[in-house]
$ cat target05.txt   # compact mmCIF, C-alpha atoms
# COMPACT_ATOMS: atom_id res chain seq x y z
CA MET B 1 98.20 129.83 84.18
CA SER B 2 96.35 128.25 87.12
CA ASP B 3 96.36 129.57 90.66
CA ALA B 4 96.13 127.68 93.94
CA SER B 5 92.36 128.11 94.07
CA THR B 6 91.87 126.25 90.79
CA PRO B 7 91.44 122.47 91.18
CA PHE B 8 94.33 120.45 89.80
CA ALA B 9 93.02 118.74 86.66
CA ALA B 10 92.99 114.96 87.10
CA ARG B 11 93.58 114.39 83.38
CA HIS B 12 95.12 116.18 80.45
CA PRO B 13 95.40 115.01 76.82
CA ALA B 14 99.21 115.09 77.10
CA ASP B 15 99.19 112.64 80.05
CA ARG B 16 99.09 109.69 77.67
CA ALA B 17 102.34 110.71 76.03
CA PHE B 18 104.05 111.65 79.30
CA PHE B 19 103.44 108.40 81.16
CA LEU B 20 104.31 106.34 78.08
CA ALA B 21 107.56 108.30 77.76
CA PHE B 22 108.31 107.63 81.43
CA ALA B 23 107.81 103.89 80.91
CA ALA B 24 110.15 104.05 77.90
CA VAL B 25 112.83 105.86 79.93
CA SER B 26 112.50 103.22 82.66
CA ILE B 27 113.06 100.44 80.12
CA ILE B 28 116.09 102.25 78.67
CA ALA B 29 117.61 102.74 82.15
CA VAL B 30 117.21 99.07 83.03
CA ALA B 31 118.32 97.72 79.65
CA GLY B 32 121.24 100.12 79.25
CA GLY B 33 122.47 99.63 82.79
CA PHE B 34 122.06 95.90 83.32
CA LEU B 35 122.09 94.03 80.00
CA PRO B 36 125.78 94.71 79.21
CA ARG B 37 126.75 93.44 82.68
CA LEU B 38 124.46 90.44 82.30
CA GLU B 39 126.25 89.61 79.06
CA THR B 40 129.64 89.59 80.82
CA ILE B 41 128.26 87.12 83.37
CA PHE B 42 127.01 84.74 80.70
CA THR B 43 130.29 84.98 78.78
CA GLY B 44 132.31 84.22 81.90
CA GLU B 45 134.02 87.61 82.17
CA ARG B 46 132.40 88.04 85.58
CA PRO B 47 131.80 85.32 88.16
CA TRP B 48 128.30 83.86 88.48
CA PRO B 49 126.59 85.81 91.31
CA PRO B 50 124.53 84.35 94.17
CA LEU B 51 120.91 83.27 93.81
CA ALA B 52 119.64 86.48 95.45
CA VAL B 53 120.89 88.49 92.48
CA HIS B 54 118.93 86.40 89.97
CA ILE B 55 115.70 86.56 91.95
CA HIS B 56 116.14 90.30 92.40
CA ALA B 57 116.68 90.73 88.64
CA VAL B 58 113.48 88.82 87.82
CA LEU B 59 111.46 90.95 90.24
CA PHE B 60 113.11 94.17 89.07
CA TYR B 61 112.41 93.46 85.40
CA GLY B 62 108.93 92.36 86.42
CA TRP B 63 108.27 95.72 88.04
CA ILE B 64 109.28 97.64 84.92
CA GLY B 65 107.18 95.24 82.82
CA LEU B 66 104.15 95.71 85.09
CA LEU B 67 104.59 99.49 85.06
CA THR B 68 104.62 99.46 81.26
CA ALA B 69 101.58 97.19 81.13
CA GLN B 70 99.68 99.47 83.51
CA VAL B 71 100.46 102.51 81.38
CA LEU B 72 99.32 100.70 78.24
CA LEU B 73 96.13 99.50 79.92
CA VAL B 74 95.16 103.04 80.85
CA ARG B 75 96.00 104.23 77.34
CA GLY B 76 93.76 101.48 75.98
CA GLY B 77 90.89 102.43 78.28
CA ASN B 78 91.06 99.19 80.30
CA VAL B 79 91.03 100.89 83.68
CA GLY B 80 89.27 97.96 85.37
CA LEU B 81 92.12 95.54 84.69
CA HIS B 82 94.60 98.27 85.60
CA LYS B 83 93.02 98.53 89.05
CA ARG B 84 92.88 94.75 89.52
CA LEU B 85 96.57 94.49 88.74
CA GLY B 86 97.29 97.02 91.47
CA GLY B 87 97.16 94.26 94.09
CA ALA B 88 99.73 92.25 92.15
CA GLY B 89 101.87 95.36 92.05
CA LEU B 90 101.82 95.64 95.83
CA VAL B 91 102.86 92.00 96.21
CA LEU B 92 105.64 92.50 93.67
CA ALA B 93 106.83 95.66 95.42
CA ALA B 94 106.97 93.85 98.77
CA GLY B 95 108.96 91.06 97.16
CA MET B 96 111.38 93.53 95.62
CA ILE B 97 112.01 95.20 98.97
CA GLY B 98 112.60 91.91 100.79
CA VAL B 99 114.71 90.31 98.08
CA GLY B 100 116.53 93.59 97.39
CA GLY B 101 117.66 93.81 101.01
CA TRP B 102 118.67 90.14 100.97
CA MET B 103 120.65 90.68 97.78
CA ALA B 104 122.45 93.79 99.05
CA LEU B 105 123.55 92.05 102.26
CA THR B 106 124.45 88.84 100.43
CA MET B 107 126.59 90.68 97.90
CA ALA B 108 128.41 92.57 100.65
CA GLY B 109 129.54 89.25 102.16
CA TRP B 110 130.13 87.65 98.74
CA HIS B 111 132.50 90.41 97.65
CA LEU B 112 134.28 90.43 101.00
CA GLU B 113 135.08 86.76 100.52
CA ARG B 114 136.72 87.74 97.23
CA GLY B 115 138.80 90.51 98.75
CA SER B 116 136.64 93.57 98.00
CA ASP B 117 134.73 95.66 100.51
CA GLY B 118 133.13 97.88 97.84
CA ALA B 119 129.66 96.36 98.18
CA LEU B 120 129.84 96.68 101.98
CA ARG B 121 130.80 100.33 101.71
CA PHE B 122 128.04 100.91 99.16
CA LEU B 123 125.28 99.38 101.32
CA PRO B 124 123.71 102.72 102.38
CA VAL B 125 122.62 103.37 98.80
CA PRO B 126 120.61 100.21 97.98
CA LEU B 127 119.16 100.02 101.49
CA MET B 128 118.05 103.67 101.40
CA ASP B 129 116.69 103.23 97.86
CA LEU B 130 114.57 100.32 99.06
CA ALA B 131 113.34 102.30 102.07
CA ILE B 132 112.34 105.25 99.88
CA PHE B 133 110.68 102.96 97.34
CA GLY B 134 108.72 101.15 100.05
CA ALA B 135 107.53 104.38 101.66
CA LEU B 136 106.41 105.87 98.35
CA ILE B 137 104.63 102.69 97.21
CA THR B 138 102.78 102.51 100.52
CA TRP B 139 101.77 106.14 100.15
CA ALA B 140 100.68 105.55 96.55
CA ALA B 141 98.57 102.55 97.60
CA LEU B 142 96.85 104.62 100.28
CA ARG B 143 96.07 107.31 97.71
CA ARG B 144 95.00 104.96 94.91
CA ARG B 145 91.56 106.61 94.71
CA ASP B 146 93.22 109.97 94.11
CA SER B 147 94.48 109.34 90.58
CA PRO B 148 96.76 112.40 90.10
CA THR B 149 98.50 111.85 93.43
CA HIS B 150 98.74 108.09 92.95
CA LYS B 151 100.30 108.39 89.49
CA ARG B 152 102.91 110.90 90.59
CA LEU B 153 103.90 108.84 93.61
CA MET B 154 104.31 105.81 91.33
CA VAL B 155 106.54 107.85 89.04
CA LEU B 156 108.61 109.03 92.00
CA ALA B 157 108.90 105.52 93.48
CA THR B 158 109.94 103.94 90.19
CA THR B 159 112.39 106.76 89.47
CA GLN B 160 114.18 105.89 92.70
CA LEU B 161 114.89 102.42 91.31
CA LEU B 162 116.37 103.72 88.07
CA GLY B 163 119.53 105.05 89.70
CA ALA B 164 120.99 101.54 89.68
CA GLY B 165 120.60 101.36 85.91
CA PHE B 166 121.76 104.88 85.13
CA GLY B 167 124.72 104.50 87.48
CA ARG B 168 126.05 101.57 85.46
CA MET B 169 125.82 103.55 82.22
CA ASP B 170 128.46 106.12 83.31
CA LEU B 171 126.63 108.99 81.64
CA TYR B 172 128.45 111.73 83.56
CA ALA B 173 130.84 112.31 86.47
CA MET B 174 130.63 115.07 89.05
CA PRO B 175 133.95 116.85 89.70
CA ALA B 176 135.51 115.99 93.05
CA THR B 177 134.26 118.02 96.01
CA PRO B 178 136.90 117.52 98.74
CA TRP B 179 135.31 120.32 100.76
CA LEU B 180 132.16 118.16 101.14
CA PRO B 181 132.70 114.72 99.58
CA GLN B 182 129.09 113.61 99.92
CA VAL B 183 128.09 116.26 97.35
CA GLU B 184 130.08 114.45 94.66
CA MET B 185 128.45 111.14 95.58
CA PHE B 186 125.05 112.78 95.88
CA VAL B 187 125.13 114.14 92.33
CA ASN B 188 126.78 111.07 90.78
CA LEU B 189 124.21 108.73 92.29
CA TYR B 190 121.04 110.74 91.85
CA GLY B 191 121.60 113.43 89.21
CA MET B 192 119.73 111.59 86.44
CA LEU B 193 116.82 110.97 88.79
CA TRP B 194 116.53 114.68 89.50
CA LEU B 195 116.42 115.34 85.77
CA ILE B 196 113.45 112.98 85.43
CA LEU B 197 111.70 114.61 88.39
CA ALA B 198 112.39 118.09 87.00
CA LEU B 199 110.76 117.04 83.72
CA ALA B 200 107.78 115.57 85.60
CA ILE B 201 107.29 118.76 87.61
CA GLY B 202 107.79 120.83 84.47
CA PHE B 203 105.13 118.73 82.76
CA ASP B 204 102.65 119.65 85.48
CA VAL B 205 103.50 123.33 85.10
CA ALA B 206 103.10 123.14 81.32
CA THR B 207 99.79 121.27 81.41
CA ARG B 208 98.16 122.49 84.65
CA GLY B 209 99.92 125.75 85.36
CA ARG B 210 101.52 124.56 88.60
CA PRO B 211 103.15 121.47 90.15
CA HIS B 212 100.92 118.93 91.85
CA ARG B 213 100.99 119.39 95.63
CA VAL B 214 102.50 115.93 96.20
CA TRP B 215 105.80 117.07 94.70
CA TRP B 216 106.17 119.75 97.39
CA VAL B 217 105.95 117.13 100.13
CA ALA B 218 107.53 114.03 98.61
CA VAL B 219 110.50 115.40 96.68
CA PRO B 220 112.19 117.20 99.65
CA LEU B 221 111.82 114.04 101.76
CA VAL B 222 113.31 111.89 98.99
CA VAL B 223 116.22 114.28 98.42
CA ALA B 224 116.94 114.40 102.17
CA ALA B 225 117.03 110.59 102.31
CA GLN B 226 119.29 110.48 99.24
CA PHE B 227 121.69 112.96 100.85
CA ALA B 228 121.73 110.86 104.01
CA ALA B 229 122.74 107.81 101.94
CA ALA B 230 125.51 109.78 100.22
CA THR B 231 126.75 111.00 103.60
CA LEU B 232 126.91 107.47 105.03
CA LEU B 233 128.72 106.36 101.89
CA VAL B 234 131.64 108.72 102.56
CA TRP B 235 131.63 108.39 106.35
CA PRO B 236 135.00 106.83 107.35
CA GLY B 237 133.40 104.81 110.12
CA TRP B 238 130.71 103.20 107.97
CA ARG B 239 132.77 100.22 106.85
CA SER B 240 133.66 99.06 110.35
CA PHE B 241 130.18 99.86 111.67
CA ALA B 242 128.44 97.85 108.95
CA ALA B 243 130.87 94.96 109.24
CA GLY B 244 130.30 94.81 112.98
CA VAL B 245 126.53 94.93 112.71
CA LEU B 246 126.46 92.25 110.00
CA GLY B 247 129.14 90.07 111.59
CA LEU B 248 131.39 90.35 108.55
CA GLY B 249 135.16 90.55 108.52

$ encode --input "target05.txt" --output "structure tokens"
Amino acid sequence: MSDASTPFAARHPADRAFFLAFAAVSIIAVAGGFLPRLETIFTGERPWPPLAVHIHAVLFYGWIGLLTAQVLLVRGGNVGLHKRLGGAGLVLAAGMIGVGGWMALTMAGWHLERGSDGALRFLPVPLMDLAIFGALITWAALRRRDSPTHKRLMVLATTQLLGAGFGRMDLYAMPATPWLPQVEMFVNLYGMLWLILALAIGFDVATRGRPHRVWWVAVPLVVAAQFAAATLLVWPGWRSFAAGVLGLG
């Protein structure tokens, strides 16, 4: 076991397997959550969505593809190209945030026109996810010379995006919590993400003897933001507030 006075090892032989496994889980979350729904769109079971959805999908899949490529580059020892692609990653992340917000707002109005306010009510979740992702990517970019911190922030940022995929897979359902309804939403929306983070922190403990310090700062902030999104989701006044702000009916 390591103590706080022992430097956190930048590398461990098991890192190669861990980060490759994380990339694989990311691919599974995206494929399992979105491909079945994409099939129903192409077969006509669902209406063709607005352009923002298609652009968002391309960028989203691009991010998971770039993440996987970056992991494979490091595994192959091509760290130079990995670093050069970091700039492309920042541009892609910025595009995802901008297009993701456009898509969320567009879909809220699109569904309202079809008689459903579900997307409007759900807006706190995608908007908060994008805010968390943007903050973590910015932090990761600022700490790019600190490899252990940078890698863990990238894992945390990407994990935040995976909730959309896992949520569409219906892997579990939290029992109703009428005493505090946001708890039910909180667990349903983010439970799988916490499992990934628990495994990541456990990996640090197993390989270094303790969690990396970035987990102690970043994870509580992320969980607090997630709980805020779940709270807005169940707030009775959210629907009218959001509709008024966005000028929707």

$ closest_residue --input "target05.txt" --among "B:Ala9, B:Ala57, B:Ala131, B:Ala200" --to "Leu35 of chain B" --atoms "only C-alpha atoms"
B:Ala57

$ atom_distance --input "target05.txt" --atom1 "atom CA of Gly163 of chain B" --atom2 "atom CA of Ala218 of chain B"
17.4 Å

$ closest_residue --input "target05.txt" --among "B:Val58, B:Ala29, B:Leu20, B:Leu248" --to "Leu171 of chain B" --atoms "all atoms listed in the file"
B:Ala29

$ closest_residue --input "target05.txt" --among "B:Gly77, B:Pro7, B:Gly165, B:Pro126" --to "Ile28 of chain B" --atoms "only C-alpha atoms"
B:Gly165

$ closest_residue --input "target05.txt" --among "B:Thr207, B:Val214, B:Met128, B:Ala173" --to "Leu153 of chain B" --atoms "only C-alpha atoms"
B:Val214

$ atom_distance --input "target05.txt" --atom1 "atom CA of Ala14 of chain B" --atom2 "atom CA of Phe203 of chain B"
9.0 Å

$ residues_around --input "target05.txt" --residues "Val223 of chain B" --least-positions-apart "2" --cutoff "12 Å" --atoms "all atoms listed in the file" --output "ChimeraX atom specification"
/B:128-129,132,156,160,186-187,189-191,193-194,197,215-221,225-230

$ residues_around --input "target05.txt" --residues "Ser26 of chain B" --least-positions-apart "3" --cutoff "7 Å" --atoms "only C-alpha atoms" --output "PDB file with C-alpha atoms, in the frame of the given file"
ATOM      1  CA  PHE B  22     108.310 107.630  81.430  1.00  0.00           C
ATOM      2  CA  ALA B  23     107.810 103.890  80.910  1.00  0.00           C
ATOM      3  CA  ALA B  29     117.610 102.740  82.150  1.00  0.00           C
ATOM      4  CA  VAL B  30     117.210  99.070  83.030  1.00  0.00           C
ATOM      5  CA  ILE B  64     109.280  97.640  84.920  1.00  0.00           C
ATOM      6  CA  LEU B 162     116.370 103.720  88.070  1.00  0.00           C
TER       7      LEU B 162
END

$ atom_distance --input "target05.txt" --atom1 "atom CA of Gly167 of chain B" --atom2 "atom CA of Ile196 of chain B"
14.3 Å

$ axis_aligned_box --input "target05.txt" --around "segment 10-26 of chain B" --padding-each-side "5 Å" --output "lines of an AutoDock Vina configuration file"
center_x = 102.9
center_y = 109.7
center_z = 81.6
size_x = 29.8
size_y = 23.0
size_z = 21.1

$ closest_residue --input "target05.txt" --among "B:Phe18, B:Phe42, B:Phe122, B:Phe241" --to "Ala164 of chain B" --atoms "all atoms listed in the file"
B:Phe122

$ closest_residue --input "target05.txt" --among "B:Leu123, B:Met154, B:Ala198, B:Leu59" --to "Leu92 of chain B" --atoms "all atoms listed in the file"
B:Leu59

$ residues_around --input "target05.txt" --residues "Gly98 of chain B" --least-positions-apart "2" --cutoff "12 Å" --atoms "all atoms listed in the file" --output "list in words"
Ala52, Ile55, His56, Leu59, Phe60, Val91, Leu92, Ala93, Ala94, Gly95, Met96, Gly100, Gly101, Trp102, Met103, Ala104, Leu105, Pro126, Leu127, Leu130, Ala131, Phe133 and Gly134 of chain B
